[in-house]
$ cat coords-v3.txt   # compact mmCIF, C-alpha atoms and all ligand atoms
# COMPACT_ATOMS: atom_id res chain seq x y z
CA MET X 1 0.00 0.00 0.00
CA PRO X 2 1.40 3.47 -0.83
CA ARG X 3 2.21 5.50 2.27
CA THR X 4 -0.05 8.40 3.28
CA PRO X 5 1.43 11.61 1.88
CA LYS X 6 3.25 13.52 4.61
CA ARG X 7 4.90 16.22 2.53
CA ILE X 8 3.50 17.80 -0.59
CA GLY X 9 4.73 20.50 -2.93
CA VAL X 10 2.73 23.32 -4.50
CA LEU X 11 3.53 25.75 -7.30
CA THR X 12 1.79 28.46 -9.32
CA GLY X 13 2.67 28.57 -13.03
CA GLY X 14 1.81 30.75 -16.04
CA GLY X 15 0.25 34.22 -15.96
CA ASP X 16 -1.04 35.25 -12.54
CA CYS X 17 -4.70 35.79 -11.76
CA PRO X 18 -6.83 36.70 -8.75
CA GLY X 19 -7.38 33.67 -6.52
CA LEU X 20 -3.94 32.03 -6.66
CA ASN X 21 -3.27 32.93 -3.03
CA ALA X 22 -6.67 31.60 -2.02
CA VAL X 23 -5.72 28.20 -3.50
CA ILE X 24 -2.34 28.19 -1.78
CA ARG X 25 -4.05 29.01 1.53
CA ALA X 26 -6.59 26.25 1.03
CA VAL X 27 -3.87 23.72 0.19
CA VAL X 28 -1.80 24.58 3.26
CA ARG X 29 -4.77 24.64 5.64
CA THR X 30 -6.38 21.45 4.35
CA ALA X 31 -3.06 19.60 4.37
CA ASP X 32 -2.34 20.68 7.95
CA ILE X 33 -5.81 20.59 9.51
CA ASP X 34 -7.21 17.48 7.83
CA TYR X 35 -4.05 15.42 7.31
CA ASN X 36 -1.23 16.84 9.44
CA THR X 37 0.80 17.09 6.25
CA GLU X 38 3.56 19.58 5.45
CA VAL X 39 3.52 21.82 2.37
CA VAL X 40 6.54 23.09 0.47
CA GLY X 41 5.98 25.95 -1.97
CA PHE X 42 8.16 26.26 -5.08
CA ILE X 43 9.17 29.77 -6.10
CA ASP X 44 8.17 31.03 -9.57
CA GLY X 45 6.40 27.92 -10.79
CA TYR X 46 8.39 25.11 -12.39
CA GLU X 47 11.47 27.35 -12.28
CA GLY X 48 11.56 26.73 -8.53
CA LEU X 49 11.39 22.97 -9.01
CA VAL X 50 14.21 22.99 -11.58
CA GLU X 51 16.40 25.38 -9.58
CA ASN X 52 15.43 24.02 -6.17
CA HIS X 53 14.01 27.30 -4.86
CA HIS X 54 11.36 26.59 -2.30
CA ARG X 55 10.03 27.49 1.11
CA LEU X 56 8.10 25.68 3.76
CA LEU X 57 4.52 26.97 3.97
CA GLU X 58 2.95 26.91 7.40
CA GLN X 59 -0.46 28.17 8.39
CA ARG X 60 0.98 31.50 9.53
CA ASP X 61 2.51 31.99 6.06
CA VAL X 62 -0.91 31.88 4.40
CA SER X 63 -2.67 34.02 6.93
CA GLY X 64 -4.29 37.12 5.42
CA ILE X 65 -3.77 36.14 1.78
CA LEU X 66 -7.28 34.91 0.91
CA SER X 67 -8.29 38.29 -0.48
CA THR X 68 -5.02 39.32 -2.12
CA GLY X 69 -4.21 39.20 -5.85
CA GLY X 70 -0.99 37.81 -7.34
CA THR X 71 0.77 34.85 -5.75
CA ILE X 72 3.00 34.73 -2.68
CA LEU X 73 5.05 32.06 -4.48
CA GLY X 74 5.68 34.04 -7.65
CA THR X 75 5.11 32.55 -11.08
CA SER X 76 6.72 32.21 -14.47
CA ASN X 77 5.42 31.53 -17.95
CA ARG X 78 8.84 30.57 -19.28
CA ALA X 79 9.63 27.65 -17.02
CA ASP X 80 8.89 24.41 -18.85
CA PRO X 81 11.29 21.84 -17.30
CA PHE X 82 11.54 20.08 -20.67
CA ASN X 83 12.38 23.29 -22.51
CA PHE X 84 14.08 25.31 -19.85
CA PRO X 85 16.03 28.49 -20.66
CA VAL X 86 19.57 28.15 -19.29
CA LEU X 87 22.02 31.04 -19.53
CA GLN X 88 25.14 29.96 -21.43
CA GLY X 89 27.57 32.83 -21.83
CA GLU X 90 25.48 35.75 -23.03
CA GLU X 91 22.63 33.68 -24.39
CA TYR X 92 19.79 31.55 -23.13
CA VAL X 93 19.74 28.02 -24.50
CA LYS X 94 16.71 25.75 -24.11
CA MET X 95 17.60 22.56 -22.27
CA ASP X 96 15.73 19.55 -20.94
CA MET X 97 16.01 20.01 -17.17
CA SER X 98 13.24 17.57 -16.30
CA SER X 99 15.54 15.02 -14.63
CA GLN X 100 16.94 17.74 -12.38
CA ALA X 101 13.36 18.70 -11.48
CA VAL X 102 12.60 15.06 -10.61
CA ARG X 103 15.79 14.82 -8.52
CA ASN X 104 14.86 17.97 -6.59
CA PHE X 105 11.34 16.66 -6.02
CA GLU X 106 12.71 13.39 -4.65
CA SER X 107 15.46 14.93 -2.54
CA LEU X 108 12.87 17.06 -0.74
CA GLY X 109 11.03 13.90 0.27
CA LEU X 110 7.84 15.03 -1.42
CA ASP X 111 4.96 12.61 -1.91
CA ALA X 112 3.02 14.72 -4.40
CA LEU X 113 2.92 18.02 -6.23
CA ILE X 114 -0.07 20.33 -6.68
CA ALA X 115 0.39 22.38 -9.86
CA ILE X 116 -1.84 25.45 -10.11
CA GLY X 117 -1.84 26.80 -13.64
CA GLY X 118 -3.28 27.11 -17.12
CA ASP X 119 -2.78 25.11 -20.30
CA GLY X 120 1.02 25.53 -20.33
CA THR X 121 1.39 24.37 -16.73
CA MET X 122 -0.98 21.45 -17.30
CA ALA X 123 0.97 20.37 -20.42
CA ALA X 124 4.30 20.52 -18.53
CA SER X 125 2.69 18.68 -15.60
CA GLN X 126 1.44 15.96 -17.91
CA ASP X 127 5.02 15.45 -19.15
CA MET X 128 6.31 15.36 -15.54
CA ILE X 129 3.66 12.76 -14.70
CA GLN X 130 5.15 10.57 -17.45
CA LEU X 131 8.44 10.72 -15.51
CA GLY X 132 6.66 9.38 -12.44
CA VAL X 133 6.04 12.62 -10.50
CA PRO X 134 2.63 12.32 -8.79
CA ILE X 135 0.83 15.54 -9.71
CA VAL X 136 -2.66 16.95 -9.17
CA GLY X 137 -3.65 20.02 -11.24
CA VAL X 138 -5.71 23.07 -10.32
CA PRO X 139 -7.09 25.17 -13.22
CA LYS X 140 -6.48 28.92 -13.27
CA THR X 141 -6.66 31.63 -15.91
CA ILE X 142 -8.55 34.83 -16.55
CA ASP X 143 -9.07 33.56 -20.11
CA ASN X 144 -11.39 30.77 -18.87
CA ASP X 145 -10.17 28.67 -21.79
CA LEU X 146 -8.92 25.60 -19.98
CA TYR X 147 -10.31 22.32 -21.21
CA GLY X 148 -11.86 19.97 -18.66
CA THR X 149 -13.58 22.51 -16.43
CA ASP X 150 -16.61 24.76 -16.83
CA VAL X 151 -14.84 27.61 -15.08
CA THR X 152 -11.30 28.52 -14.08
CA PHE X 153 -10.80 30.66 -11.01
CA GLY X 154 -9.66 34.20 -11.87
CA PHE X 155 -12.16 34.58 -14.68
CA ASP X 156 -14.94 36.01 -12.54
CA SER X 157 -12.67 38.62 -10.96
CA ALA X 158 -11.29 39.65 -14.37
CA LEU X 159 -14.84 39.86 -15.69
CA ILE X 160 -15.81 42.23 -12.88
CA THR X 161 -12.86 44.51 -13.66
CA ALA X 162 -13.56 44.44 -17.41
CA THR X 163 -17.28 45.10 -16.90
CA ASP X 164 -16.52 48.00 -14.59
CA ALA X 165 -14.31 49.46 -17.34
CA VAL X 166 -17.06 49.08 -19.96
CA ASP X 167 -19.54 50.77 -17.59
CA LYS X 168 -17.18 53.69 -17.10
CA ILE X 169 -16.40 53.99 -20.81
CA HIS X 170 -20.15 54.15 -21.49
CA THR X 171 -20.64 57.53 -19.84
CA THR X 172 -17.74 59.21 -21.62
CA ALA X 173 -18.82 57.65 -24.95
CA GLN X 174 -22.28 59.11 -24.44
CA ALA X 175 -20.94 62.54 -23.51
CA HIS X 176 -18.67 62.86 -26.56
CA HIS X 177 -20.73 60.94 -29.14
CA ARG X 178 -17.81 58.68 -29.95
CA ILE X 179 -17.13 55.09 -30.81
CA MET X 180 -15.27 53.71 -27.80
CA ILE X 181 -13.32 50.48 -28.16
CA VAL X 182 -12.39 48.49 -25.06
CA GLU X 183 -9.81 45.75 -25.67
CA VAL X 184 -9.50 42.95 -23.16
CA MET X 185 -7.09 40.02 -22.79
CA GLY X 186 -8.03 36.53 -23.89
CA ARG X 187 -5.49 35.08 -26.27
CA ASN X 188 -7.51 32.41 -28.04
CA ALA X 189 -10.92 32.61 -26.44
CA GLY X 190 -13.46 35.39 -26.16
CA TRP X 191 -14.97 34.56 -22.75
CA LEU X 192 -13.80 37.79 -21.16
CA ALA X 193 -14.76 40.01 -24.12
CA LEU X 194 -18.16 38.39 -24.56
CA GLY X 195 -18.83 38.33 -20.82
CA ALA X 196 -17.89 41.99 -20.33
CA GLY X 197 -19.76 42.92 -23.49
CA MET X 198 -22.90 41.20 -22.28
CA ALA X 199 -22.64 42.48 -18.72
CA GLY X 200 -21.69 46.01 -19.78
CA GLY X 201 -24.19 46.27 -22.64
CA GLY X 202 -21.59 46.54 -25.42
CA ASP X 203 -23.10 47.23 -28.84
CA ILE X 204 -20.46 45.33 -30.76
CA VAL X 205 -18.46 42.42 -29.31
CA LEU X 206 -15.61 40.93 -31.33
CA ILE X 207 -14.04 37.66 -30.24
CA PRO X 208 -11.35 35.32 -31.59
CA GLU X 209 -13.94 32.62 -32.36
CA ILE X 210 -15.76 34.84 -34.92
CA PRO X 211 -13.45 36.73 -37.31
CA TYR X 212 -15.28 40.00 -37.88
CA ASP X 213 -16.66 41.46 -41.06
CA ILE X 214 -15.77 45.17 -40.99
CA ASP X 215 -18.76 46.12 -43.17
CA THR X 216 -21.12 44.55 -40.64
CA VAL X 217 -19.45 46.48 -37.81
CA VAL X 218 -19.77 49.75 -39.79
CA GLU X 219 -23.42 49.00 -40.62
CA THR X 220 -24.15 48.47 -36.93
CA VAL X 221 -22.66 51.86 -36.02
CA ARG X 222 -24.57 53.55 -38.85
CA LEU X 223 -27.82 51.87 -37.85
CA ARG X 224 -27.36 53.10 -34.30
CA SER X 225 -26.74 56.64 -35.60
CA SER X 226 -29.89 56.48 -37.72
CA LEU X 227 -31.80 55.55 -34.57
CA GLY X 228 -30.45 58.62 -32.82
CA LYS X 229 -27.83 56.78 -30.79
CA THR X 230 -24.81 58.97 -31.05
CA PHE X 231 -22.25 56.63 -29.58
CA SER X 232 -21.24 52.98 -29.81
CA ILE X 233 -19.33 50.70 -27.47
CA VAL X 234 -17.13 48.00 -28.94
CA VAL X 235 -15.63 45.30 -26.70
CA ILE X 236 -12.92 43.33 -28.44
CA GLY X 237 -10.78 40.40 -27.36
CA GLU X 238 -7.03 40.79 -28.03
CA GLY X 239 -7.14 37.63 -30.16
CA ALA X 240 -9.89 38.91 -32.48
CA ARG X 241 -9.08 39.48 -36.13
CA PRO X 242 -10.89 40.62 -39.27
CA LYS X 243 -12.15 37.92 -41.59
CA GLY X 244 -9.21 36.96 -43.80
CA GLY X 245 -6.84 39.03 -41.64
CA GLU X 246 -4.34 38.33 -38.91
CA VAL X 247 -4.17 38.82 -35.15
CA VAL X 248 -2.08 41.77 -33.95
CA VAL X 249 1.13 40.67 -32.25
CA LYS X 250 2.41 43.17 -29.67
CA ARG X 251 5.67 41.45 -28.82
CA ARG X 252 7.53 38.17 -28.85
CA VAL X 253 8.88 36.96 -25.53
CA ALA X 254 12.16 35.12 -25.89
CA ASN X 255 12.31 31.86 -23.89
CA SER X 256 8.54 31.61 -23.47
CA PRO X 257 7.06 28.31 -24.74
CA ASP X 258 4.29 30.38 -26.36
CA ALA X 259 6.34 33.40 -27.41
CA ILE X 260 3.61 35.53 -28.95
CA ARG X 261 1.92 38.28 -26.93
CA LEU X 262 -1.15 39.84 -28.49
CA GLY X 263 -2.51 43.35 -28.16
CA GLY X 264 -3.41 46.34 -30.30
CA ILE X 265 -6.10 45.04 -32.66
CA SER X 266 -8.32 47.86 -31.35
CA HIS X 267 -6.04 50.53 -32.87
CA GLN X 268 -6.36 48.88 -36.27
CA LEU X 269 -10.13 48.71 -35.88
CA ALA X 270 -10.36 52.31 -34.63
CA ALA X 271 -8.50 53.68 -37.66
CA GLN X 272 -10.77 51.75 -40.00
CA LEU X 273 -13.99 52.67 -38.21
CA GLU X 274 -13.15 56.35 -37.96
CA GLY X 275 -12.41 56.45 -41.69
CA LEU X 276 -15.55 54.57 -42.67
CA THR X 277 -18.06 56.20 -40.30
CA ASN X 278 -16.65 59.69 -39.79
CA ILE X 279 -17.25 59.27 -36.08
CA GLU X 280 -14.39 59.88 -33.65
CA CYS X 281 -13.02 56.72 -32.19
CA ARG X 282 -11.03 56.13 -28.99
CA VAL X 283 -9.26 53.05 -27.72
CA THR X 284 -8.77 51.73 -24.19
CA ILE X 285 -6.64 48.62 -23.79
CA LEU X 286 -7.15 47.09 -20.36
CA GLY X 287 -4.17 44.74 -20.62
CA HIS X 288 -2.85 43.35 -17.34
CA LEU X 289 -5.26 45.45 -15.29
CA VAL X 290 -7.77 42.60 -15.50
CA ARG X 291 -5.25 40.21 -13.91
CA GLY X 292 -4.83 42.35 -10.81
CA GLY X 293 -6.72 43.14 -7.67
CA ALA X 294 -8.61 41.15 -5.10
CA PRO X 295 -10.40 37.97 -6.15
CA SER X 296 -14.19 38.20 -6.25
CA PRO X 297 -16.19 36.27 -3.63
CA PHE X 298 -17.04 33.71 -6.34
CA ASP X 299 -13.35 33.21 -7.13
CA ARG X 300 -12.37 33.05 -3.45
CA ILE X 301 -14.89 30.28 -2.88
CA LEU X 302 -14.00 28.43 -6.08
CA ALA X 303 -10.26 28.73 -5.41
CA THR X 304 -10.75 27.51 -1.84
CA ARG X 305 -12.82 24.55 -3.05
CA TYR X 306 -10.22 23.71 -5.71
CA GLY X 307 -7.35 23.96 -3.22
CA ALA X 308 -9.03 21.79 -0.59
CA GLU X 309 -10.13 19.21 -3.16
CA SER X 310 -6.66 19.00 -4.70
CA VAL X 311 -5.31 17.92 -1.30
CA HIS X 312 -8.10 15.35 -0.90
CA MET X 313 -7.19 14.04 -4.37
CA VAL X 314 -3.55 13.72 -3.31
CA MET X 315 -4.63 11.74 -0.26
CA ARG X 316 -6.82 9.47 -2.41
CA GLY X 317 -3.90 8.95 -4.78
CA GLU X 318 -5.74 10.50 -7.73
CA PHE X 319 -2.62 11.61 -9.56
CA GLY X 320 -2.45 12.66 -13.20
CA ARG X 321 -5.75 14.43 -12.67
CA MET X 322 -6.95 18.00 -12.50
CA VAL X 323 -9.82 19.18 -10.35
CA GLY X 324 -12.55 20.74 -12.48
CA LEU X 325 -15.96 22.27 -11.95
CA HIS X 326 -18.81 20.59 -13.80
CA GLY X 327 -22.12 22.25 -13.13
CA ARG X 328 -21.94 22.82 -9.40
CA ASP X 329 -19.77 19.85 -8.58
CA LEU X 330 -16.05 19.29 -8.42
CA GLU X 331 -14.77 16.39 -10.49
CA ALA X 332 -11.37 14.96 -11.27
CA VAL X 333 -10.48 15.01 -14.96
CA SER X 334 -7.57 13.30 -16.66
CA MET X 335 -4.69 15.70 -17.19
CA ALA X 336 -3.77 13.82 -20.38
CA GLU X 337 -7.12 14.92 -21.74
CA VAL X 338 -6.67 18.52 -20.66
CA ALA X 339 -3.07 19.03 -21.81
CA GLY X 340 -2.64 20.88 -25.08
CA LYS X 341 -6.34 21.58 -25.55
CA GLN X 342 -8.27 24.79 -25.35
CA ARG X 343 -11.86 25.60 -24.55
CA GLN X 344 -13.06 28.29 -26.91
CA ILE X 345 -16.66 29.51 -27.01
CA SER X 346 -18.58 27.18 -29.29
CA LEU X 347 -20.76 28.91 -31.86
CA ASP X 348 -23.88 27.29 -30.41
CA HIS X 349 -23.05 28.38 -26.85
CA GLU X 350 -25.96 30.00 -25.08
CA TRP X 351 -23.99 33.22 -24.48
CA ILE X 352 -23.62 33.69 -28.25
CA LYS X 353 -27.33 33.07 -28.83
CA VAL X 354 -28.37 35.41 -26.03
CA ALA X 355 -25.99 38.15 -27.20
CA LEU X 356 -27.47 37.94 -30.70
CA SER X 357 -30.99 38.04 -29.23
CA MET X 358 -30.00 41.28 -27.48
CA GLY X 359 -29.13 42.77 -30.87
CA THR X 360 -25.42 42.74 -30.07
CA CYS X 361 -23.29 42.71 -33.21
CA LEU X 362 -20.75 39.89 -33.05
CA GLY X 363 -19.14 40.92 -36.32
CA ASN X 364 -20.96 38.38 -38.48
CA PRO X 365 -23.27 39.43 -41.33
CA SER X 366 -26.89 38.43 -40.75
CA SER X 367 -27.31 37.25 -44.36
CA VAL X 368 -25.67 33.88 -43.60
CA THR X 369 -25.81 31.60 -40.57
CA LEU X 370 -23.02 32.03 -38.06
CA ASP X 371 -21.81 28.50 -38.78
CA GLU X 372 -21.61 29.08 -42.52
CA TYR X 373 -19.95 32.47 -42.05
CA VAL X 374 -17.22 31.15 -39.78
CA LYS X 375 -16.67 28.00 -41.85
CA VAL X 376 -16.12 29.74 -45.20
O1 LIG X 401 -3.29 33.57 -20.44
C1 LIG X 401 -3.48 34.68 -19.65
C2 LIG X 401 -3.03 35.94 -20.34
O2 LIG X 401 -3.31 37.02 -19.49
C3 LIG X 401 -3.61 36.16 -21.74
O3 LIG X 401 -4.91 36.65 -21.69
C4 LIG X 401 -2.61 37.10 -22.33
O4 LIG X 401 -2.59 37.00 -23.73
C5 LIG X 401 -1.30 36.63 -21.76
O5 LIG X 401 -1.62 35.93 -20.57
C6 LIG X 401 -0.33 37.76 -21.43
O6 LIG X 401 0.87 37.24 -20.97
P1 LIG X 401 2.02 38.10 -20.31
O7 LIG X 401 1.68 38.31 -18.87
O8 LIG X 401 3.25 37.28 -20.50
O9 LIG X 401 2.08 39.41 -21.04
$ encode --input "coords-v3.txt" --output "structure tokens"
Amino acid sequence: MPRTPKRIGVLTGGGDCPGLNAVIRAVVRTADIDYNTEVVGFIDGYEGLVENHHRLLEQRDVSGILSTGGTILGTSNRADPFNFPVLQGEEYVKMDMSSQAVRNFESLGLDALIAIGGDGTMAASQDMIQLGVPIVGVPKTIDNDLYGTDVTFGFDSALITATDAVDKIHTTAQAHHRIMIVEVMGRNAGWLALGAGMAGGGDIVLIPEIPYDIDTVVETVRLRSSLGKTFSIVVIGEGARPKGGEVVVKRRVANSPDAIRLGGISHQLAAQLEGLTNIECRVTILGHLVRGGAPSPFDRILATRYGAESVHMVMRGEFGRMVGLHGRDLEAVSMAEVAGKQRQISLDHEWIKVALSMGTCLGNPSSVTLDEYVKV
């Protein structure tokens, strides 16, 4: 019989989001209170495991962090143990440091690792599992695009920030009779843009899943003008692109497994819209703002549930699995199934249907069905 875990590791990987600290707190408390088990936190995600940077986490270390953004452990979106940037002379060279990570894990006498992260962290974790490291995953990301769960923690908090921004932009748009474009993060999925657009009453919402037809966007603005509405609000996801066009790349991050950083599509759209409608256009890019701040009550509860459940999963020996939310219930899903996949908004998702029923323009012409439009 395998021994009861007495020492477990925890790390936070990938881009930060509100609620990471709430998970860490839940892991430490559950491990100590329910199982008298010690927790070791790795610094800066998998970087800490490769470089053996860690600290013991006791209950006093996680006191007061439930409501704070960021992560007390730090994070990194460059630290894939199998593709790890190592400085050689003046340059970074990618090396497979996975065996060193395994050695560090073993030398610390750890029985399991809880990896809190998004798709990149889950993919790296899946590879570590193949090397025999017993890992349980916890899904985070403001993008809400992780496969295997209905919701990631962090999304709700980001949605609140983005909606607040759209609300505030509304009043200035009205006052100046302008087209106001609010760009939000969400690399491959439009959950945040669509959510904030729906909650904030955006007139036009453009998401990566539906490449937009500029003529349809212009028509929508003109129709609003003809109805006496002198302003329009556009909410656009950073990964949106015009039909037949490309996403706008802001920068490339050396050493990052997914090097491309998006941002700036709204400037392209603003220039086009201003030219075609003769209405002044202004752009607000929310960027990392949506990743900051205190987690919402929903995210605090979800993160706490995820953290506690991940420890229970460790104790039940459910390794190679990620805790996910399905409906109202927590369920363990196979990490092999989650790794490398993304959960975009499907075209028949209720949010899409409801947005269209509200008269929101999603960038698709009404002359063809959404399916046909996106397919062609
Ligand atoms: O995946 C989360 C996310 O915030 C994306 O929405 C965004 O494209 C990316 O991370 C930004 O990454 P970075 O913090 O490296 O700029």
$ atom_distance --input "coords-v3.txt" --atom1 "CA of Ile72 in chain X" --atom2 "CA of Asn21 in chain X"
6.5 Å
$ atom_distance --input "coords-v3.txt" --atom1 "CA of Ile181 in chain X" --atom2 "CA of Ile285 in chain X"
8.2 Å
$ residues_near_ligand --input "coords-v3.txt" --ligand "ligand LIG 401 (chain X)" --cutoff "6 Å" --atoms "all atoms listed in the file" --output "NGL selection string"
:X and (15 or 141-143 or 185-187 or 261-262)
$ closest_residue --input "coords-v3.txt" --among "X:Ile214, X:Gly14, X:Gly118, X:Arg300" --to "Leu146 in chain X" --atoms "all atoms listed in the file"
X:Gly118
$ closest_residue --input "coords-v3.txt" --among "X:Thr284, X:Thr75, X:Thr4, X:Ser357" --to "Gly237 in chain X" --atoms "only C-alpha atoms"
X:Thr284
$ residues_around --input "coords-v3.txt" --residues "Ala332 in chain X" --least-positions-apart "2" --cutoff "6 Å" --atoms "only C-alpha atoms" --output "ChimeraX atom specification"
/X:321-323
$ residues_around --input "coords-v3.txt" --residues "Ile179 in chain X" --least-positions-apart "3" --cutoff "7 Å" --atoms "only C-alpha atoms" --output "VMD selection string"
chain X and resid 173 231 to 233 279 to 282
$ atom_distance --input "coords-v3.txt" --atom1 "CA of Thr37 in chain X" --atom2 "CA of Ala308 in chain X"
12.9 Å
$ residues_around --input "coords-v3.txt" --residues "range 85-100 of chain X" --least-positions-apart "4" --cutoff "6 Å" --atoms "only C-alpha atoms" --output "VMD selection string"
chain X and resid 50 81 255
$ closest_residue --input "coords-v3.txt" --among "X:Gly363, X:Gly293, X:Pro134, X:Pro242" --to "Pro18 in chain X" --atoms "all atoms listed in the file"
X:Gly293
